[in-house]
file work.txt (compact mmCIF, C-alpha atoms)
# COMPACT_ATOMS: atom_id res chain seq x y z
CA MET A 1 18.43 131.23 67.09
CA TRP A 2 21.56 133.07 68.25
CA ILE A 3 23.04 129.82 69.45
CA ASP A 4 22.57 128.27 66.00
CA ILE A 5 24.32 131.20 64.30
CA LEU A 6 27.12 131.05 66.87
CA GLN A 7 27.58 127.30 66.32
CA VAL A 8 27.79 127.79 62.55
CA ALA A 9 30.30 130.64 62.94
CA ILE A 10 32.48 128.63 65.33
CA GLY A 11 32.31 125.59 63.05
CA LEU A 12 33.31 127.71 60.06
CA ILE A 13 36.27 129.21 61.92
CA ILE A 14 37.47 125.81 63.13
CA GLY A 15 37.10 124.40 59.61
CA LEU A 16 39.08 127.25 58.06
CA VAL A 17 41.91 126.93 60.58
CA ALA A 18 42.07 123.14 60.23
CA GLY A 19 41.94 123.39 56.43
CA PHE A 20 44.79 125.90 56.40
CA PHE A 21 47.10 123.71 58.46
CA ILE A 22 46.21 120.53 56.59
CA SER A 23 46.81 122.15 53.20
CA GLN A 24 50.10 123.62 54.43
CA TYR A 25 51.26 120.17 55.60
CA VAL A 26 50.25 118.48 52.34
CA THR A 27 51.94 121.18 50.22
CA LYS A 28 55.21 120.96 52.15
CA ARG A 29 55.22 117.18 51.87
CA TYR A 30 54.58 117.37 48.12
CA MET A 31 57.36 119.92 47.61
CA LYS A 32 59.86 117.71 49.44
CA LYS A 33 58.95 114.71 47.27
CA ASN A 34 58.83 116.72 44.02
CA PRO A 35 61.13 119.72 44.27
CA PRO A 36 60.34 122.43 41.71
CA ILE A 37 64.00 122.79 40.71
CA ASN A 38 66.88 120.34 40.61
CA GLU A 39 70.62 120.44 39.90
CA GLU A 40 70.18 119.91 36.17
CA MET A 41 67.84 122.89 35.94
CA ILE A 42 70.31 125.09 37.82
CA LYS A 43 73.16 124.00 35.53
CA ALA A 44 71.06 124.71 32.44
CA MET A 45 70.05 128.13 33.79
CA MET A 46 73.63 129.13 34.57
CA THR A 47 74.86 127.82 31.21
CA GLY A 48 72.12 129.83 29.52
CA MET A 49 73.45 132.95 31.24
CA GLY A 50 76.87 132.26 29.76
CA ARG A 51 78.53 130.77 32.85
CA LYS A 52 80.06 127.34 33.32
CA PRO A 53 78.88 126.39 36.80
CA SER A 54 81.09 124.45 39.18
CA GLN A 55 79.62 121.79 41.43
CA LYS A 56 80.25 124.06 44.42
CA GLN A 57 78.13 126.83 42.86
CA VAL A 58 75.35 124.36 42.07
CA ASN A 59 75.41 123.04 45.64
CA GLN A 60 75.23 126.59 47.02
CA MET A 61 72.21 127.35 44.84
CA MET A 62 70.48 124.11 45.88
CA LYS A 63 71.14 124.86 49.54
CA SER A 64 69.68 128.35 49.22
CA MET A 65 66.63 126.97 47.39
CA ASN A 66 66.04 124.25 50.00
CA LYS A 67 66.30 126.77 52.82
CA TYR A 68 62.90 128.17 51.86
CA LEU A 69 61.11 124.80 51.61
call {"tool": "encode", "arguments": {"input": "work.txt", "output": "structure tokens"}}
result
Amino acid sequence: MWIDILQVAIGLIIGLVAGFFISQYVTKRYMKKNPPINEEMIKAMMTGMGRKPSQKQVNQMMKSMNKYL
């Protein structure tokens, strides 16, 4: 009986760890293919704040966004 409970607990732990890493891999791959923000969105955001963004500023923002992906 204790062996059965131990096997279920070990299987659950292994499944949780494997599921975590698989979901992390899939999410990162999806975010690289479909980034949540692009250059046009950054330009629109900065224009909405009353600034005319230069390409250098847009590139800096994109680089800082991509650093966290």
call {"tool": "residues_near_point", "arguments": {"input": "work.txt", "point": "(67.4, 124.0, 51.2)", "cutoff": "12 Å", "atoms": "all atoms listed in the file", "output": "ChimeraX atom specification"}}
result
/A:31-32,35-38,59-69
call {"tool": "write_last_selection", "arguments": {"input": "work.txt", "atoms": "C-alpha atoms", "output": "compact mmCIF listing (two decimals), in the coordinates of the input"}}
result
# COMPACT_ATOMS: atom_id res chain seq x y z
CA MET A 31 57.36 119.92 47.61
CA LYS A 32 59.86 117.71 49.44
CA PRO A 35 61.13 119.72 44.27
CA PRO A 36 60.34 122.43 41.71
CA ILE A 37 64.00 122.79 40.71
CA ASN A 38 66.88 120.34 40.61
CA ASN A 59 75.41 123.04 45.64
CA GLN A 60 75.23 126.59 47.02
CA MET A 61 72.21 127.35 44.84
CA MET A 62 70.48 124.11 45.88
CA LYS A 63 71.14 124.86 49.54
CA SER A 64 69.68 128.35 49.22
CA MET A 65 66.63 126.97 47.39
CA ASN A 66 66.04 124.25 50.00
CA LYS A 67 66.30 126.77 52.82
CA TYR A 68 62.90 128.17 51.86
CA LEU A 69 61.11 124.80 51.61
call {"tool": "atom_distance", "arguments": {"input": "work.txt", "atom1": "CA of Glu39 (chain A)", "atom2": "CA of Arg51 (chain A)"}}
result
14.8 Å
call {"tool": "atom_distance", "arguments": {"input": "work.txt", "atom1": "CA of Phe21 (chain A)", "atom2": "CA of Ala9 (chain A)"}}
result
18.7 Å
call {"tool": "atom_distance", "arguments": {"input": "work.txt", "atom1": "CA of Lys56 (chain A)", "atom2": "CA of Lys43 (chain A)"}}
result
11.4 Å
call {"tool": "decode", "arguments": {"input": "work.txt", "residues": "region 39-60 of chain A", "atoms": "N, CA and C atoms", "output": "CSV table (one decimal), in the first residue's frame"}}
result
chain,number,residue,atom,x,y,z
A,39,GLU,N,7.6,47.1,-33.9
A,39,GLU,CA,8.1,48.5,-34.0
A,39,GLU,C,6.9,49.5,-34.3
A,40,GLU,N,5.9,49.1,-35.0
A,40,GLU,CA,4.8,49.9,-35.3
A,40,GLU,C,4.0,50.3,-34.0
A,41,MET,N,3.9,49.3,-33.1
A,41,MET,CA,3.2,49.6,-31.9
A,41,MET,C,4.0,50.5,-31.0
A,42,ILE,N,5.3,50.4,-31.0
A,42,ILE,CA,6.2,51.3,-30.2
A,42,ILE,C,6.1,52.7,-30.8
A,43,LYS,N,6.1,52.9,-32.1
A,43,LYS,CA,6.0,54.2,-32.7
A,43,LYS,C,4.6,54.8,-32.4
A,44,ALA,N,3.6,54.0,-32.5
A,44,ALA,CA,2.2,54.5,-32.1
A,44,ALA,C,2.2,55.0,-30.7
A,45,MET,N,2.8,54.2,-29.8
A,45,MET,CA,2.7,54.5,-28.4
A,45,MET,C,3.5,55.8,-28.1
A,46,MET,N,4.7,56.0,-28.7
A,46,MET,CA,5.4,57.2,-28.5
A,46,MET,C,4.8,58.4,-29.1
A,47,THR,N,4.1,58.2,-30.3
A,47,THR,CA,3.4,59.3,-30.9
A,47,THR,C,2.2,59.7,-30.0
A,48,GLY,N,1.6,58.7,-29.4
A,48,GLY,CA,0.4,59.0,-28.6
A,48,GLY,C,0.8,59.8,-27.3
A,49,MET,N,2.1,59.6,-26.9
A,49,MET,CA,2.6,60.4,-25.8
A,49,MET,C,3.1,61.7,-26.2
A,50,GLY,N,3.0,62.1,-27.4
A,50,GLY,CA,3.4,63.4,-27.9
A,50,GLY,C,4.8,63.5,-28.3
A,51,ARG,N,5.5,62.4,-28.6
A,51,ARG,CA,6.9,62.4,-29.1
A,51,ARG,C,7.0,61.9,-30.5
A,52,LYS,N,7.9,62.4,-31.2
A,52,LYS,CA,8.2,61.9,-32.6
A,52,LYS,C,9.4,61.0,-32.4
A,53,PRO,N,9.2,59.7,-32.4
A,53,PRO,CA,10.3,58.8,-32.2
A,53,PRO,C,11.3,58.7,-33.4
A,54,SER,N,12.6,58.6,-33.1
A,54,SER,CA,13.5,58.4,-34.1
A,54,SER,C,13.7,56.8,-34.2
A,55,GLN,N,14.3,56.4,-35.3
A,55,GLN,CA,14.5,55.0,-35.5
A,55,GLN,C,15.5,54.4,-34.4
A,56,LYS,N,16.4,55.2,-34.0
A,56,LYS,CA,17.3,54.8,-32.9
A,56,LYS,C,16.6,54.5,-31.6
A,57,GLN,N,15.6,55.4,-31.3
A,57,GLN,CA,14.8,55.2,-30.0
A,57,GLN,C,14.0,53.9,-30.2
A,58,VAL,N,13.4,53.7,-31.3
A,58,VAL,CA,12.6,52.5,-31.6
A,58,VAL,C,13.4,51.3,-31.4
A,59,ASN,N,14.6,51.3,-32.0
A,59,ASN,CA,15.5,50.2,-31.9
A,59,ASN,C,15.9,49.9,-30.5
A,60,GLN,N,16.2,50.9,-29.7
A,60,GLN,CA,16.5,50.8,-28.3
A,60,GLN,C,15.4,50.1,-27.5
